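See structure below.
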Amino acid sequence: IGGLYKKAVMNRGGKVVSETHIFMDATMEEAVAQLKKDAKDKIDAVIFAGDDVVAIDILKELRKQGVKAPLIGGDILYTDEFLKNGKELTLGTILYSGFFPDVKDSKVERFVSGYKKKTGKKPESFAASAYDSFMLIAEAIKTARSLESSKVREALIQIKDFNGVTGKTTIGKDREAVKKSFILIAVKGENGVVFKQVDVQ
C-alpha cells in the first residue's frame, strides 16, 4: 500500500519528503521527529500503511510533536474500533474502502438491511465483496446459459459495469476486477466521529 500511495502522489505532482518503517528503522517518536526535520515546511498529510491500533499511536505522537496533518490510509483503518478508541484524534483521517454501507443506493440498502437482520450488525467489506463475487458468477452463468466452467469463465471476463453493492465492476484485460473505491473521511457526527463519503470526480 505504501508504494502505491507514493507512486500516486508523485504521478500527481506531489512530493514525498520522508519515509520510514516504524519498529524496523525507528521508534514512533524518532520517526515523527525525522519527518518534521525532512519536511522543513508544512506537512500536508501522513501516509500510513499499518493497522488501526498502531494508527492511533501514530496520531498521538504526531499531535504530541505538533503535526496536525491528517492520516491517509487503507481500508484496514475502516473499523469501529479505530473511531471509538481514537475519538477526535481520528478526525480528518482519509482512507479508501471497497465498500461503504451508508451509501444512498437501494441495492446497498437492501443488502445492509438483510445482513443486519441475519447477523445484528452492519456488513463489512469482506462480506460485501463475497456477496458481489457470488452475484458476478451468477450473472456469468445466466449469460453463458451453462454451468460448464469454460463457458462461465468466458462470460465472466466479458462483464462490464456490473452494478453490485460495492459499486460497478468490470473485468479487465488482465482478468482482474476493475473498480472505483469509496473515499472516506472521519468527521464529527451526532454520536461521535463517523466516516463520511467524499465525492471525487
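Letters A, B, ... mark the chains of the C-alpha cells in the order given; residue numbers begin at 1 per chain; ligand numbers begin at 1, in order shown.
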Running DSSP on the backbone, which parts of stretch 1-197 of chain A land in alpha helix (DSSP H), as a count of residues only?
-> 84
Run DSSP on the backbone and give me the residues of stretch 2-192 of chain A it puts in strand (DSSP E or B), as a VMD selection string.
-> chain A and resid 22 26 46 to 47 71 to 73 94 to 97 162 to 164 167 to 171 177 to 179 182 to 189 192
With N, CA, C and O atoms retained, write the just-selected residues as a compact mmCIF listing (two decimals), in the first residue's frame.
```txt
# COMPACT_ATOMS: atom_id res chain seq x y z
N ILE A 22 8.42 2.04 10.89
CA ILE A 22 8.39 2.07 12.35
C ILE A 22 8.70 0.69 12.91
O ILE A 22 8.24 -0.32 12.39
N ALA A 26 13.00 2.89 13.07
CA ALA A 26 12.94 3.90 14.13
C ALA A 26 11.74 3.69 15.03
O ALA A 26 10.79 3.01 14.67
N VAL A 46 0.08 12.57 6.21
CA VAL A 46 0.98 11.48 6.57
C VAL A 46 0.35 10.18 6.05
O VAL A 46 -0.73 9.79 6.49
N ILE A 47 1.02 9.54 5.11
CA ILE A 47 0.54 8.28 4.56
C ILE A 47 0.98 7.15 5.50
O ILE A 47 2.16 7.04 5.83
N LEU A 71 -4.10 11.78 8.62
CA LEU A 71 -3.54 10.48 8.27
C LEU A 71 -4.27 10.00 7.01
O LEU A 71 -5.48 10.18 6.86
N ILE A 72 -3.54 9.40 6.09
CA ILE A 72 -4.14 8.79 4.90
C ILE A 72 -3.78 7.31 4.92
O ILE A 72 -2.61 6.95 5.05
N GLY A 73 -4.78 6.46 4.83
CA GLY A 73 -4.51 5.03 4.91
C GLY A 73 -5.46 4.19 4.08
O GLY A 73 -6.25 4.71 3.29
N ILE A 94 -8.27 10.16 6.19
CA ILE A 94 -8.82 9.84 4.87
C ILE A 94 -8.38 8.43 4.50
O ILE A 94 -7.23 8.05 4.70
N LEU A 95 -9.31 7.65 3.97
CA LEU A 95 -8.96 6.30 3.54
C LEU A 95 -9.83 5.87 2.37
O LEU A 95 -10.81 6.52 2.04
N TYR A 96 -9.41 4.77 1.74
CA TYR A 96 -10.24 4.20 0.69
C TYR A 96 -10.86 2.92 1.22
O TYR A 96 -10.33 2.28 2.13
N SER A 97 -11.97 2.54 0.65
CA SER A 97 -12.62 1.29 1.03
C SER A 97 -13.36 0.74 -0.18
O SER A 97 -13.87 1.49 -1.01
N PHE A 162 -20.82 -4.16 -14.04
CA PHE A 162 -21.80 -4.89 -13.23
C PHE A 162 -22.08 -4.09 -11.97
O PHE A 162 -21.17 -3.76 -11.21
N ASN A 163 -23.33 -3.77 -11.73
CA ASN A 163 -23.69 -2.90 -10.60
C ASN A 163 -23.99 -3.73 -9.36
O ASN A 163 -25.06 -4.32 -9.24
N GLY A 164 -23.03 -3.77 -8.44
CA GLY A 164 -23.21 -4.53 -7.21
C GLY A 164 -23.24 -3.64 -5.98
O GLY A 164 -23.27 -2.41 -6.10
N GLY A 167 -20.33 -1.23 -5.72
CA GLY A 167 -20.17 -0.32 -6.86
C GLY A 167 -20.09 -1.11 -8.16
O GLY A 167 -20.42 -2.29 -8.22
N LYS A 168 -19.65 -0.44 -9.22
CA LYS A 168 -19.58 -1.08 -10.53
C LYS A 168 -18.29 -1.89 -10.68
O LYS A 168 -17.23 -1.44 -10.26
N THR A 169 -18.41 -3.05 -11.31
CA THR A 169 -17.25 -3.92 -11.54
C THR A 169 -17.14 -4.26 -13.01
O THR A 169 -18.13 -4.64 -13.65
N THR A 170 -15.95 -4.11 -13.54
CA THR A 170 -15.63 -4.52 -14.90
C THR A 170 -14.46 -5.48 -14.82
O THR A 170 -13.51 -5.25 -14.07
N ILE A 171 -14.50 -6.56 -15.59
CA ILE A 171 -13.38 -7.49 -15.64
C ILE A 171 -12.43 -7.00 -16.74
O ILE A 171 -12.80 -6.91 -17.91
N ALA A 177 -10.53 -7.62 -11.52
CA ALA A 177 -11.69 -6.74 -11.37
C ALA A 177 -11.25 -5.28 -11.33
O ALA A 177 -10.33 -4.92 -10.59
N VAL A 178 -11.88 -4.45 -12.13
CA VAL A 178 -11.60 -3.02 -12.16
C VAL A 178 -12.75 -2.32 -11.44
O VAL A 178 -13.91 -2.43 -11.84
N LYS A 179 -12.42 -1.61 -10.36
CA LYS A 179 -13.44 -0.97 -9.55
C LYS A 179 -13.00 0.42 -9.12
O LYS A 179 -11.82 0.74 -9.15
N PHE A 182 -14.37 3.68 -2.66
CA PHE A 182 -15.04 4.75 -1.93
C PHE A 182 -13.96 5.49 -1.15
O PHE A 182 -13.12 4.87 -0.50
N ILE A 183 -13.98 6.81 -1.21
CA ILE A 183 -13.04 7.62 -0.43
C ILE A 183 -13.82 8.16 0.77
O ILE A 183 -14.86 8.81 0.61
N LEU A 184 -13.30 7.88 1.96
CA LEU A 184 -14.00 8.25 3.20
C LEU A 184 -13.14 9.18 4.04
O LEU A 184 -11.91 9.11 4.00
N ILE A 185 -13.80 10.03 4.81
CA ILE A 185 -13.10 10.93 5.73
C ILE A 185 -13.78 10.89 7.09
O ILE A 185 -15.02 10.81 7.17
N ALA A 186 -12.99 10.92 8.15
CA ALA A 186 -13.54 10.90 9.51
C ALA A 186 -13.99 12.30 9.90
O ALA A 186 -13.19 13.25 9.86
N VAL A 187 -15.26 12.44 10.26
CA VAL A 187 -15.82 13.75 10.63
C VAL A 187 -16.64 13.60 11.91
O VAL A 187 -16.97 12.50 12.34
N LYS A 188 -16.99 14.73 12.50
CA LYS A 188 -17.84 14.72 13.69
C LYS A 188 -19.28 14.40 13.30
O LYS A 188 -19.85 15.02 12.42
N GLY A 189 -19.85 13.41 14.00
CA GLY A 189 -21.24 13.06 13.79
C GLY A 189 -22.04 13.38 15.03
O GLY A 189 -21.52 13.93 16.00
N GLY A 192 -20.56 11.08 17.90
CA GLY A 192 -19.12 10.82 17.88
C GLY A 192 -18.56 10.94 16.48
O GLY A 192 -19.22 11.45 15.56
```
Shortest interatomic distance to A:Glu109 - which of A:Ala128, A:Val53, A:Ile76, A:Leu136, counting only C-alpha atoms | A:Ala128
Can you work out which one of A:Gly86, A:Gly74, A:Pro123, A:Gly114 has the shortest atom-to-atom distance to A:Pro101, counting only C-alpha atoms?
-> A:Pro123
Within 8 Å of A:Leu35, counting only C-alpha atoms, which residues show up once you throw out same-chain ones fewer than 2 positions away? Write them as a PDB file with all heavy atoms, in the first residue's frame, please.
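As a result, result-v8.pdb now contains:
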```pdb
ATOM      1  N   VAL A  17       8.387  13.613   1.289  1.00  0.00           N
ATOM      2  CA  VAL A  17       9.580  14.218   1.899  1.00  0.00           C
ATOM      3  C   VAL A  17      10.305  13.289   2.863  1.00  0.00           C
ATOM      4  O   VAL A  17      11.469  13.522   3.200  1.00  0.00           O
ATOM      5  CB  VAL A  17       9.219  15.530   2.638  1.00  0.00           C
ATOM      6  CG1 VAL A  17       8.658  16.555   1.665  1.00  0.00           C
ATOM      7  CG2 VAL A  17       8.244  15.272   3.781  1.00  0.00           C
ATOM      8  N   SER A  18       9.641  12.235   3.313  1.00  0.00           N
ATOM      9  CA  SER A  18      10.285  11.357   4.296  1.00  0.00           C
ATOM     10  C   SER A  18       9.617   9.999   4.296  1.00  0.00           C
ATOM     11  O   SER A  18       8.409   9.888   4.076  1.00  0.00           O
ATOM     12  CB  SER A  18      10.187  11.979   5.689  1.00  0.00           C
ATOM     13  OG  SER A  18      10.885  11.207   6.644  1.00  0.00           O
ATOM     14  N   GLU A  19      10.401   8.947   4.505  1.00  0.00           N
ATOM     15  CA  GLU A  19       9.876   7.585   4.592  1.00  0.00           C
ATOM     16  C   GLU A  19      10.570   6.853   5.739  1.00  0.00           C
ATOM     17  O   GLU A  19      11.765   7.037   5.960  1.00  0.00           O
ATOM     18  CB  GLU A  19      10.170   6.804   3.314  1.00  0.00           C
ATOM     19  CG  GLU A  19       9.336   7.197   2.122  1.00  0.00           C
ATOM     20  CD  GLU A  19       9.642   6.288   0.934  1.00  0.00           C
ATOM     21  OE1 GLU A  19       9.090   5.156   0.899  1.00  0.00           O
ATOM     22  OE2 GLU A  19      10.430   6.698   0.074  1.00  0.00           O
ATOM     23  N   ALA A  31      10.602   8.548  14.357  1.00  0.00           N
ATOM     24  CA  ALA A  31      10.056   8.656  13.001  1.00  0.00           C
ATOM     25  C   ALA A  31       9.366  10.000  12.774  1.00  0.00           C
ATOM     26  O   ALA A  31       9.560  10.646  11.737  1.00  0.00           O
ATOM     27  CB  ALA A  31       9.072   7.516  12.737  1.00  0.00           C
ATOM     28  N   VAL A  32       8.558  10.432  13.740  1.00  0.00           N
ATOM     29  CA  VAL A  32       7.860  11.708  13.607  1.00  0.00           C
ATOM     30  C   VAL A  32       8.856  12.874  13.650  1.00  0.00           C
ATOM     31  O   VAL A  32       8.742  13.834  12.887  1.00  0.00           O
ATOM     32  CB  VAL A  32       6.783  11.869  14.698  1.00  0.00           C
ATOM     33  CG1 VAL A  32       6.171  13.265  14.654  1.00  0.00           C
ATOM     34  CG2 VAL A  32       5.695  10.806  14.533  1.00  0.00           C
ATOM     35  N   ALA A  33       9.840  12.779  14.516  1.00  0.00           N
ATOM     36  CA  ALA A  33      10.869  13.823  14.599  1.00  0.00           C
ATOM     37  C   ALA A  33      11.626  13.935  13.280  1.00  0.00           C
ATOM     38  O   ALA A  33      11.918  15.040  12.797  1.00  0.00           O
ATOM     39  CB  ALA A  33      11.836  13.518  15.739  1.00  0.00           C
ATOM     40  N   LYS A  37      11.840  17.018  10.501  1.00  0.00           N
ATOM     41  CA  LYS A  37      13.153  17.509  10.059  1.00  0.00           C
ATOM     42  C   LYS A  37      13.269  17.479   8.540  1.00  0.00           C
ATOM     43  O   LYS A  37      13.755  18.432   7.911  1.00  0.00           O
ATOM     44  CB  LYS A  37      14.251  16.655  10.680  1.00  0.00           C
ATOM     45  CG  LYS A  37      15.667  17.108  10.349  1.00  0.00           C
ATOM     46  CD  LYS A  37      16.695  16.215  11.034  1.00  0.00           C
ATOM     47  CE  LYS A  37      18.110  16.645  10.650  1.00  0.00           C
ATOM     48  NZ  LYS A  37      19.132  15.759  11.291  1.00  0.00           N
ATOM     49  N   ASP A  38      12.821  16.384   7.933  1.00  0.00           N
ATOM     50  CA  ASP A  38      12.906  16.240   6.478  1.00  0.00           C
ATOM     51  C   ASP A  38      11.963  17.192   5.750  1.00  0.00           C
ATOM     52  O   ASP A  38      12.281  17.676   4.668  1.00  0.00           O
ATOM     53  CB  ASP A  38      12.571  14.798   6.068  1.00  0.00           C
ATOM     54  CG  ASP A  38      13.631  13.799   6.518  1.00  0.00           C
ATOM     55  OD1 ASP A  38      14.755  14.236   6.844  1.00  0.00           O
ATOM     56  OD2 ASP A  38      13.325  12.594   6.544  1.00  0.00           O
ATOM     57  N   ALA A  39      10.790  17.434   6.326  1.00  0.00           N
ATOM     58  CA  ALA A  39       9.788  18.273   5.658  1.00  0.00           C
ATOM     59  C   ALA A  39      10.234  19.727   5.547  1.00  0.00           C
ATOM     60  O   ALA A  39      10.044  20.367   4.519  1.00  0.00           O
ATOM     61  CB  ALA A  39       8.464  18.193   6.408  1.00  0.00           C
TER      62      ALA A  39
END
```
So which residues touch A:Glu61 within 12 Å, counting only C-alpha atoms, skipping near sequence neighbours fewer than 6 positions away, as an MDAnalysis selection string?
-> chainID A and resid 27:33 35:36 54:55 67:69 89
Please identify all polymer residues within 10 Å of stretch 148-152 of chain A, counting only C-alpha atoms, omitting same-chain residues fewer than 5 positions from it, and present them as a PyMOL selection string.
-> chain A and resi 137-143+157
Output of the above residues as a compact mmCIF listing (two decimals), in the first residue's frame, restricted to N, CA and C atoms:
```txt
# COMPACT_ATOMS: atom_id res chain seq x y z
N ILE A 137 -20.66 -14.31 -10.50
CA ILE A 137 -20.66 -15.67 -11.05
C ILE A 137 -22.07 -16.05 -11.51
N ALA A 138 -23.07 -15.66 -10.71
CA ALA A 138 -24.46 -15.94 -11.09
C ALA A 138 -24.81 -15.24 -12.41
N GLU A 139 -24.32 -14.01 -12.57
CA GLU A 139 -24.57 -13.26 -13.81
C GLU A 139 -23.87 -13.94 -14.99
N ALA A 140 -22.67 -14.43 -14.77
CA ALA A 140 -21.92 -15.12 -15.83
C ALA A 140 -22.63 -16.42 -16.24
N ILE A 141 -23.14 -17.15 -15.25
CA ILE A 141 -23.88 -18.39 -15.55
C ILE A 141 -25.13 -18.08 -16.35
N LYS A 142 -25.81 -17.02 -15.97
CA LYS A 142 -27.02 -16.60 -16.67
C LYS A 142 -26.71 -16.22 -18.12
N THR A 143 -25.61 -15.49 -18.31
CA THR A 143 -25.21 -15.07 -19.66
C THR A 143 -24.76 -16.27 -20.49
N ILE A 157 -15.39 -12.93 -18.02
CA ILE A 157 -14.40 -11.93 -18.45
C ILE A 157 -14.99 -10.91 -19.41
```
Close residues, A:Leu77 itself excluded, 6 Å, only C-alpha atoms, min 2 positions apart in chain, as a list in words |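 These residues fall inside the cut-off: Asp52, Asp75 and Thr79 of chain A.
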Print the selection's residues with C-alpha atoms to a file, as an mmCIF file, in the first residue's frame.
```cif
data_model
loop_
_atom_site.group_PDB
_atom_site.id
_atom_site.type_symbol
_atom_site.label_atom_id
_atom_site.label_comp_id
_atom_site.auth_asym_id
_atom_site.auth_seq_id
_atom_site.Cartn_x
_atom_site.Cartn_y
_atom_site.Cartn_z
ATOM 1 C CA ASP A 52 -5.947 0.672 13.130
ATOM 2 C CA ASP A 75 -9.404 0.134 4.433
ATOM 3 C CA THR A 79 -13.121 -0.104 11.731
#
```
Distance of atom CA of A:Tyr115 from atom CA of A:Ala127, expressed in Å to one decimal place =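 Distance reported for this atom pair: 9.0 Å.
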